[in-house]
$ cat work.pdb   # PDB, N, CA and C atoms
MODEL        1
ATOM      1  N   MET A 481       9.900  -8.115   6.756
ATOM      2  CA  MET A 481      10.230  -9.523   6.768
ATOM      3  C   MET A 481       8.963 -10.356   6.967
ATOM      4  N   LEU A 482       8.074  -9.920   7.859
ATOM      5  CA  LEU A 482       6.842 -10.667   8.104
ATOM      6  C   LEU A 482       5.968 -10.731   6.857
ATOM      7  N   ILE A 483       5.950  -9.651   6.101
ATOM      8  CA  ILE A 483       5.133  -9.624   4.884
ATOM      9  C   ILE A 483       5.656 -10.649   3.884
ATOM     10  N   SER A 484       6.964 -10.679   3.688
ATOM     11  CA  SER A 484       7.542 -11.623   2.724
ATOM     12  C   SER A 484       7.388 -13.066   3.181
ATOM     13  N   GLN A 485       7.266 -13.287   4.492
ATOM     14  CA  GLN A 485       7.058 -14.632   5.023
ATOM     15  C   GLN A 485       5.586 -15.032   5.006
ATOM     16  N   GLY A 486       4.712 -14.097   4.638
ATOM     17  CA  GLY A 486       3.289 -14.402   4.550
ATOM     18  C   GLY A 486       2.531 -14.189   5.843
ATOM     19  N   ASP A 487       3.176 -13.649   6.849
ATOM     20  CA  ASP A 487       2.508 -13.392   8.133
ATOM     21  C   ASP A 487       1.960 -11.964   8.118
ATOM     22  N   ILE A 488       0.983 -11.738   7.254
ATOM     23  CA  ILE A 488       0.469 -10.402   6.993
ATOM     24  C   ILE A 488      -0.218  -9.809   8.221
ATOM     25  N   ASN A 489      -1.011 -10.596   8.911
ATOM     26  CA  ASN A 489      -1.748 -10.063  10.063
ATOM     27  C   ASN A 489      -0.813  -9.573  11.166
ATOM     28  N   THR A 490       0.235 -10.327  11.451
ATOM     29  CA  THR A 490       1.205  -9.887  12.452
ATOM     30  C   THR A 490       1.925  -8.633  11.976
ATOM     31  N   ALA A 491       2.267  -8.599  10.691
ATOM     32  CA  ALA A 491       2.922  -7.420  10.128
ATOM     33  C   ALA A 491       2.029  -6.193  10.279
ATOM     34  N   LEU A 492       0.735  -6.351   9.987
ATOM     35  CA  LEU A 492      -0.189  -5.227  10.113
ATOM     36  C   LEU A 492      -0.296  -4.748  11.560
ATOM     37  N   GLU A 493      -0.324  -5.682  12.503
ATOM     38  CA  GLU A 493      -0.389  -5.294  13.913
ATOM     39  C   GLU A 493       0.842  -4.474  14.315
ATOM     40  N   GLU A 494       2.005  -4.939  13.896
ATOM     41  CA  GLU A 494       3.244  -4.231  14.243
ATOM     42  C   GLU A 494       3.325  -2.867  13.545
ATOM     43  N   LEU A 495       2.908  -2.815  12.288
ATOM     44  CA  LEU A 495       2.926  -1.548  11.564
ATOM     45  C   LEU A 495       1.928  -0.555  12.153
ATOM     46  N   ASP A 496       0.762  -1.053  12.573
ATOM     47  CA  ASP A 496      -0.219  -0.182  13.232
ATOM     48  C   ASP A 496       0.372   0.443  14.489
ATOM     49  N   ALA A 497       1.111  -0.347  15.255
ATOM     50  CA  ALA A 497       1.732   0.161  16.478
ATOM     51  C   ALA A 497       2.784   1.223  16.158
ATOM     52  N   ILE A 498       3.558   0.985  15.121
ATOM     53  CA  ILE A 498       4.580   1.957  14.724
ATOM     54  C   ILE A 498       3.920   3.255  14.269
ATOM     55  N   ILE A 499       2.896   3.132  13.449
ATOM     56  CA  ILE A 499       2.227   4.314  12.915
ATOM     57  C   ILE A 499       1.541   5.103  14.020
ATOM     58  N   SER A 500       0.961   4.421  14.983
ATOM     59  CA  SER A 500       0.292   5.139  16.071
ATOM     60  C   SER A 500       1.287   5.926  16.923
ATOM     61  N   SER A 501       2.546   5.499  16.936
ATOM     62  CA  SER A 501       3.552   6.215  17.725
ATOM     63  C   SER A 501       4.152   7.410  16.973
ATOM     64  N   CYS A 502       4.041   7.405  15.652
ATOM     65  CA  CYS A 502       4.607   8.524  14.873
ATOM     66  C   CYS A 502       3.816   8.725  13.581
ATOM     67  N   PRO A 503       2.546   9.092  13.664
ATOM     68  CA  PRO A 503       1.693   9.137  12.475
ATOM     69  C   PRO A 503       2.121  10.142  11.404
ATOM     70  N   ASP A 504       2.884  11.140  11.782
ATOM     71  CA  ASP A 504       3.263  12.163  10.814
ATOM     72  C   ASP A 504       4.667  12.017  10.263
ATOM     73  N   SER A 505       5.366  10.945  10.639
ATOM     74  CA  SER A 505       6.743  10.812  10.164
ATOM     75  C   SER A 505       7.125   9.380   9.794
ATOM     76  N   CYS A 506       6.184   8.490   9.732
ATOM     77  CA  CYS A 506       6.483   7.068   9.472
ATOM     78  C   CYS A 506       6.142   6.682   8.039
ATOM     79  N   ASP A 507       6.718   7.374   7.077
ATOM     80  CA  ASP A 507       6.370   7.074   5.688
ATOM     81  C   ASP A 507       6.698   5.637   5.310
ATOM     82  N   GLU A 508       7.794   5.104   5.826
ATOM     83  CA  GLU A 508       8.153   3.717   5.487
ATOM     84  C   GLU A 508       7.131   2.728   6.046
ATOM     85  N   ALA A 509       6.617   2.994   7.239
ATOM     86  CA  ALA A 509       5.611   2.108   7.831
ATOM     87  C   ALA A 509       4.323   2.143   7.015
ATOM     88  N   TYR A 510       3.924   3.341   6.543
ATOM     89  CA  TYR A 510       2.745   3.432   5.677
ATOM     90  C   TYR A 510       2.962   2.669   4.376
ATOM     91  N   TYR A 511       4.158   2.812   3.816
ATOM     92  CA  TYR A 511       4.493   2.101   2.575
ATOM     93  C   TYR A 511       4.410   0.586   2.786
ATOM     94  N   LEU A 512       4.995   0.110   3.872
ATOM     95  CA  LEU A 512       4.961  -1.333   4.149
ATOM     96  C   LEU A 512       3.542  -1.811   4.442
ATOM     97  N   ARG A 513       2.763  -0.987   5.149
ATOM     98  CA  ARG A 513       1.373  -1.365   5.417
ATOM     99  C   ARG A 513       0.590  -1.414   4.100
ATOM    100  N   GLY A 514       0.903  -0.515   3.190
ATOM    101  CA  GLY A 514       0.293  -0.572   1.861
ATOM    102  C   GLY A 514       0.634  -1.876   1.156
ATOM    103  N   ASN A 515       1.880  -2.299   1.267
ATOM    104  CA  ASN A 515       2.286  -3.574   0.663
ATOM    105  C   ASN A 515       1.536  -4.748   1.281
ATOM    106  N   ALA A 516       1.342  -4.698   2.596
ATOM    107  CA  ALA A 516       0.625  -5.778   3.281
ATOM    108  C   ALA A 516      -0.819  -5.840   2.795
ATOM    109  N   PHE A 517      -1.472  -4.697   2.706
ATOM    110  CA  PHE A 517      -2.855  -4.685   2.220
ATOM    111  C   PHE A 517      -2.937  -5.120   0.767
ATOM    112  N   ARG A 518      -1.934  -4.762  -0.023
ATOM    113  CA  ARG A 518      -1.920  -5.189  -1.423
ATOM    114  C   ARG A 518      -1.843  -6.704  -1.510
ATOM    115  N   LYS A 519      -1.017  -7.294  -0.650
ATOM    116  CA  LYS A 519      -0.908  -8.764  -0.640
ATOM    117  C   LYS A 519      -2.218  -9.423  -0.238
ATOM    118  N   LEU A 520      -2.996  -8.734   0.597
ATOM    119  CA  LEU A 520      -4.301  -9.261   1.003
ATOM    120  C   LEU A 520      -5.370  -9.018  -0.063
ATOM    121  N   GLY A 521      -5.027  -8.249  -1.088
ATOM    122  CA  GLY A 521      -5.996  -7.926  -2.129
ATOM    123  C   GLY A 521      -6.900  -6.760  -1.763
ATOM    124  N   ASN A 522      -6.558  -6.042  -0.709
ATOM    125  CA  ASN A 522      -7.339  -4.892  -0.279
ATOM    126  C   ASN A 522      -6.739  -3.647  -0.946
ATOM    127  N   TRP A 523      -7.138  -3.432  -2.204
ATOM    128  CA  TRP A 523      -6.541  -2.387  -3.024
ATOM    129  C   TRP A 523      -6.784  -0.995  -2.443
ATOM    130  N   GLN A 524      -7.983  -0.743  -1.920
ATOM    131  CA  GLN A 524      -8.289   0.591  -1.404
ATOM    132  C   GLN A 524      -7.408   0.944  -0.207
ATOM    133  N   GLN A 525      -7.252   0.022   0.738
ATOM    134  CA  GLN A 525      -6.393   0.298   1.893
ATOM    135  C   GLN A 525      -4.927   0.411   1.476
ATOM    136  N   ALA A 526      -4.529  -0.371   0.491
ATOM    137  CA  ALA A 526      -3.155  -0.264  -0.014
ATOM    138  C   ALA A 526      -2.934   1.135  -0.588
ATOM    139  N   LEU A 527      -3.861   1.579  -1.407
ATOM    140  CA  LEU A 527      -3.747   2.901  -2.016
ATOM    141  C   LEU A 527      -3.744   4.005  -0.962
ATOM    142  N   ASN A 528      -4.623   3.903   0.025
ATOM    143  CA  ASN A 528      -4.673   4.902   1.099
ATOM    144  C   ASN A 528      -3.338   5.001   1.831
ATOM    145  N   ASN A 529      -2.724   3.872   2.103
ATOM    146  CA  ASN A 529      -1.446   3.876   2.812
ATOM    147  C   ASN A 529      -0.314   4.401   1.941
ATOM    148  N   TYR A 530      -0.320   4.060   0.658
ATOM    149  CA  TYR A 530       0.687   4.610  -0.241
ATOM    150  C   TYR A 530       0.558   6.132  -0.307
ATOM    151  N   LEU A 531      -0.671   6.630  -0.377
ATOM    152  CA  LEU A 531      -0.879   8.077  -0.432
ATOM    153  C   LEU A 531      -0.413   8.761   0.855
ATOM    154  N   ALA A 532      -0.645   8.117   1.995
ATOM    155  CA  ALA A 532      -0.181   8.672   3.267
ATOM    156  C   ALA A 532       1.347   8.743   3.290
ATOM    157  N   ALA A 533       2.005   7.715   2.785
ATOM    158  CA  ALA A 533       3.476   7.709   2.733
ATOM    159  C   ALA A 533       3.994   8.804   1.817
ATOM    160  N   ILE A 534       3.333   8.983   0.676
ATOM    161  CA  ILE A 534       3.756  10.004  -0.284
ATOM    162  C   ILE A 534       3.549  11.404   0.284
ATOM    163  N   GLU A 535       2.484  11.579   1.041
ATOM    164  CA  GLU A 535       2.229  12.884   1.650
ATOM    165  C   GLU A 535       3.351  13.264   2.621
ATOM    166  N   ILE A 536       3.840  12.283   3.360
ATOM    167  CA  ILE A 536       4.933  12.530   4.308
ATOM    168  C   ILE A 536       6.261  12.713   3.576
ATOM    169  N   ASN A 537       6.490  11.849   2.588
ATOM    170  CA  ASN A 537       7.766  11.861   1.863
ATOM    171  C   ASN A 537       7.495  11.672   0.371
ATOM    172  N   PRO A 538       7.469  12.752  -0.408
ATOM    173  CA  PRO A 538       7.186  12.642  -1.844
ATOM    174  C   PRO A 538       8.172  11.751  -2.606
ATOM    175  N   GLY A 539       9.331  11.481  -2.034
ATOM    176  CA  GLY A 539      10.313  10.618  -2.681
ATOM    177  C   GLY A 539      10.225   9.165  -2.235
ATOM    178  N   SER A 540       9.185   8.841  -1.510
ATOM    179  CA  SER A 540       9.007   7.484  -0.979
ATOM    180  C   SER A 540       8.830   6.465  -2.106
ATOM    181  N   PRO A 541       9.277   5.221  -1.880
ATOM    182  CA  PRO A 541       9.010   4.170  -2.862
ATOM    183  C   PRO A 541       7.513   3.899  -3.014
ATOM    184  N   ALA A 542       6.711   4.468  -2.116
ATOM    185  CA  ALA A 542       5.259   4.321  -2.223
ATOM    186  C   ALA A 542       4.733   4.974  -3.498
ATOM    187  N   LEU A 543       5.444   5.961  -4.028
ATOM    188  CA  LEU A 543       5.016   6.610  -5.266
ATOM    189  C   LEU A 543       5.006   5.612  -6.415
ATOM    190  N   GLN A 544       6.070   4.850  -6.528
ATOM    191  CA  GLN A 544       6.139   3.830  -7.582
ATOM    192  C   GLN A 544       5.094   2.737  -7.338
ATOM    193  N   ALA A 545       4.918   2.340  -6.082
ATOM    194  CA  ALA A 545       3.924   1.314  -5.757
ATOM    195  C   ALA A 545       2.517   1.803  -6.074
ATOM    196  N   LYS A 546       2.232   3.080  -5.764
ATOM    197  CA  LYS A 546       0.910   3.659  -6.061
ATOM    198  C   LYS A 546       0.679   3.679  -7.562
ATOM    199  N   ASN A 547       1.684   4.092  -8.318
ATOM    200  CA  ASN A 547       1.540   4.132  -9.775
ATOM    201  C   ASN A 547       1.297   2.740 -10.343
ATOM    202  N   MET A 548       2.001   1.759  -9.823
ATOM    203  CA  MET A 548       1.806   0.384 -10.273
ATOM    204  C   MET A 548       0.387  -0.081  -9.957
ATOM    205  N   LEU A 549      -0.067   0.213  -8.746
ATOM    206  CA  LEU A 549      -1.412  -0.194  -8.336
ATOM    207  C   LEU A 549      -2.471   0.495  -9.191
ATOM    208  N   MET A 550      -2.272   1.775  -9.477
ATOM    209  CA  MET A 550      -3.222   2.493 -10.327
ATOM    210  C   MET A 550      -3.243   1.915 -11.739
ATOM    211  N   ASP A 551      -2.085   1.521 -12.254
ATOM    212  CA  ASP A 551      -2.038   0.884 -13.571
ATOM    213  C   ASP A 551      -2.846  -0.400 -13.567
ATOM    214  N   ILE A 552      -2.734  -1.170 -12.518
ATOM    215  CA  ILE A 552      -3.490  -2.423 -12.413
ATOM    216  C   ILE A 552      -4.981  -2.131 -12.348
ATOM    217  N   LEU A 553      -5.359  -1.179 -11.506
ATOM    218  CA  LEU A 553      -6.777  -0.872 -11.328
ATOM    219  C   LEU A 553      -7.391  -0.238 -12.574
ATOM    220  N   ASN A 554      -6.606   0.509 -13.328
ATOM    221  CA  ASN A 554      -7.126   1.176 -14.523
ATOM    222  C   ASN A 554      -7.060   0.313 -15.775
ATOM    223  N   PHE A 555      -6.420  -0.837 -15.667
ATOM    224  CA  PHE A 555      -6.253  -1.685 -16.843
ATOM    225  C   PHE A 555      -7.492  -2.539 -17.067
ATOM    226  N   TYR A 556      -8.078  -2.355 -18.179
ATOM    227  CA  TYR A 556      -9.120  -3.259 -18.632
ATOM    228  C   TYR A 556      -9.272  -3.061 -20.129
ATOM    229  N   ASN A 557      -9.831  -4.044 -20.781
ATOM    230  CA  ASN A 557     -10.013  -4.004 -22.219
ATOM    231  C   ASN A 557     -11.450  -3.611 -22.500
ATOM    232  N   LYS A 558     -11.684  -2.380 -22.910
ATOM    233  CA  LYS A 558     -13.039  -1.885 -23.140
ATOM    234  C   LYS A 558     -13.773  -2.714 -24.201
ATOM    235  N   ASP A 559     -13.044  -3.236 -25.169
ATOM    236  CA  ASP A 559     -13.684  -4.008 -26.240
ATOM    237  C   ASP A 559     -14.357  -5.262 -25.692
ATOM    238  N   MET A 560     -13.818  -5.834 -24.626
ATOM    239  CA  MET A 560     -14.401  -7.052 -24.070
ATOM    240  C   MET A 560     -15.761  -6.770 -23.433
ATOM    241  N   TYR A 561     -16.004  -5.541 -23.009
ATOM    242  CA  TYR A 561     -17.277  -5.200 -22.385
ATOM    243  C   TYR A 561     -18.353  -4.887 -23.416
ATOM    244  N   ASN A 562     -17.968  -4.743 -24.672
ATOM    245  CA  ASN A 562     -18.921  -4.399 -25.733
ATOM    246  C   ASN A 562     -19.318  -5.596 -26.584
ATOM    247  N   GLN A 563     -19.033  -6.780 -26.153
ATOM    248  CA  GLN A 563     -19.366  -7.974 -26.946
ATOM    249  C   GLN A 563     -20.685  -8.546 -26.527
TER
ENDMDL
END
$ encode --input "work.pdb" --output "structure tokens"
Amino acid sequence: MLISQGDINTALEELDAIISSCPDSCDEAYYLRGNAFRKLGNWQQALNNYLAAIEINPGSPALQAKNMLMDILNFYNKDMYNQ
């Protein structure tokens, strides 16, 4: 809810607390933290958190989010760089 309201920093603080209490079983918290970092434009931290969520739960929605993020990061028009 905090992420959708734009209160990313508070969301990150709360998610950090959740993850520190259960680092090996909080796939949803990693997924949400990935979403928060994505909203901040921090693609690397978003990807790291999505991967952590997927490692815990291969069926996590983080898999789709990671694939979407990778599509964005890999998308570029090579022809534009050759002009």
$ atom_distance --input "work.pdb" --atom1 "CA of Asn547 (chain A)" --atom2 "CA of Gly486 (chain A)"
23.5 Å
$ atom_distance --input "work.pdb" --atom1 "atom N of Ala542 (chain A)" --atom2 "atom C of Leu527 (chain A)"
10.5 Å
$ resolve_selection --input "work.pdb" --expression "the PyMOL selection byres (((chain A and resi 487-503 and name CA) around 9) and name CA)" --output "PyMOL selection string"
chain A and resi 481-486+504-507+509-510+512-513+516-517+519-520
$ select_by_dssp --input "work.pdb" --residues "chain A" --states "helix (DSSP H, G or I)" --output "ChimeraX atom specification"
/A:488-501,507-520,523-536,542-554,558-561
$ residues_around --input "work.pdb" --residues "Leu543 (chain A)" --least-positions-apart "3" --cutoff "8 Å" --atoms "all atoms listed in the file" --output "tab-separated table (two decimals) with N, CA and C atoms, in the coordinates of the input"
chain	number	residue	atom	x	y	z
A	511	TYR	N	4.16	2.81	3.82
A	511	TYR	CA	4.49	2.10	2.58
A	511	TYR	C	4.41	0.59	2.79
A	530	TYR	N	-0.32	4.06	0.66
A	530	TYR	CA	0.69	4.61	-0.24
A	530	TYR	C	0.56	6.13	-0.31
A	531	LEU	N	-0.67	6.63	-0.38
A	531	LEU	CA	-0.88	8.08	-0.43
A	531	LEU	C	-0.41	8.76	0.86
A	533	ALA	N	2.00	7.72	2.78
A	533	ALA	CA	3.48	7.71	2.73
A	533	ALA	C	3.99	8.80	1.82
A	534	ILE	N	3.33	8.98	0.68
A	534	ILE	CA	3.76	10.00	-0.28
A	534	ILE	C	3.55	11.40	0.28
A	537	ASN	N	6.49	11.85	2.59
A	537	ASN	CA	7.77	11.86	1.86
A	537	ASN	C	7.50	11.67	0.37
A	538	PRO	N	7.47	12.75	-0.41
A	538	PRO	CA	7.19	12.64	-1.84
A	538	PRO	C	8.17	11.75	-2.61
A	539	GLY	N	9.33	11.48	-2.03
A	539	GLY	CA	10.31	10.62	-2.68
A	539	GLY	C	10.22	9.16	-2.24
A	540	SER	N	9.18	8.84	-1.51
A	540	SER	CA	9.01	7.48	-0.98
A	540	SER	C	8.83	6.46	-2.11
A	546	LYS	N	2.23	3.08	-5.76
A	546	LYS	CA	0.91	3.66	-6.06
A	546	LYS	C	0.68	3.68	-7.56
A	547	ASN	N	1.68	4.09	-8.32
A	547	ASN	CA	1.54	4.13	-9.78
A	547	ASN	C	1.30	2.74	-10.34
A	548	MET	N	2.00	1.76	-9.82
A	548	MET	CA	1.81	0.38	-10.27
A	548	MET	C	0.39	-0.08	-9.96
A	549	LEU	N	-0.07	0.21	-8.75
A	549	LEU	CA	-1.41	-0.19	-8.34
A	549	LEU	C	-2.47	0.50	-9.19
$ closest_residue --input "work.pdb" --among "A:Glu508, A:Gly514, A:Ala545, A:Ile552" --to "Asn529 (chain A)" --atoms "only N, CA and C atoms"
A:Gly514
$ atom_distance --input "work.pdb" --atom1 "atom C of Glu535 (chain A)" --atom2 "atom N of Phe555 (chain A)"
25.1 Å
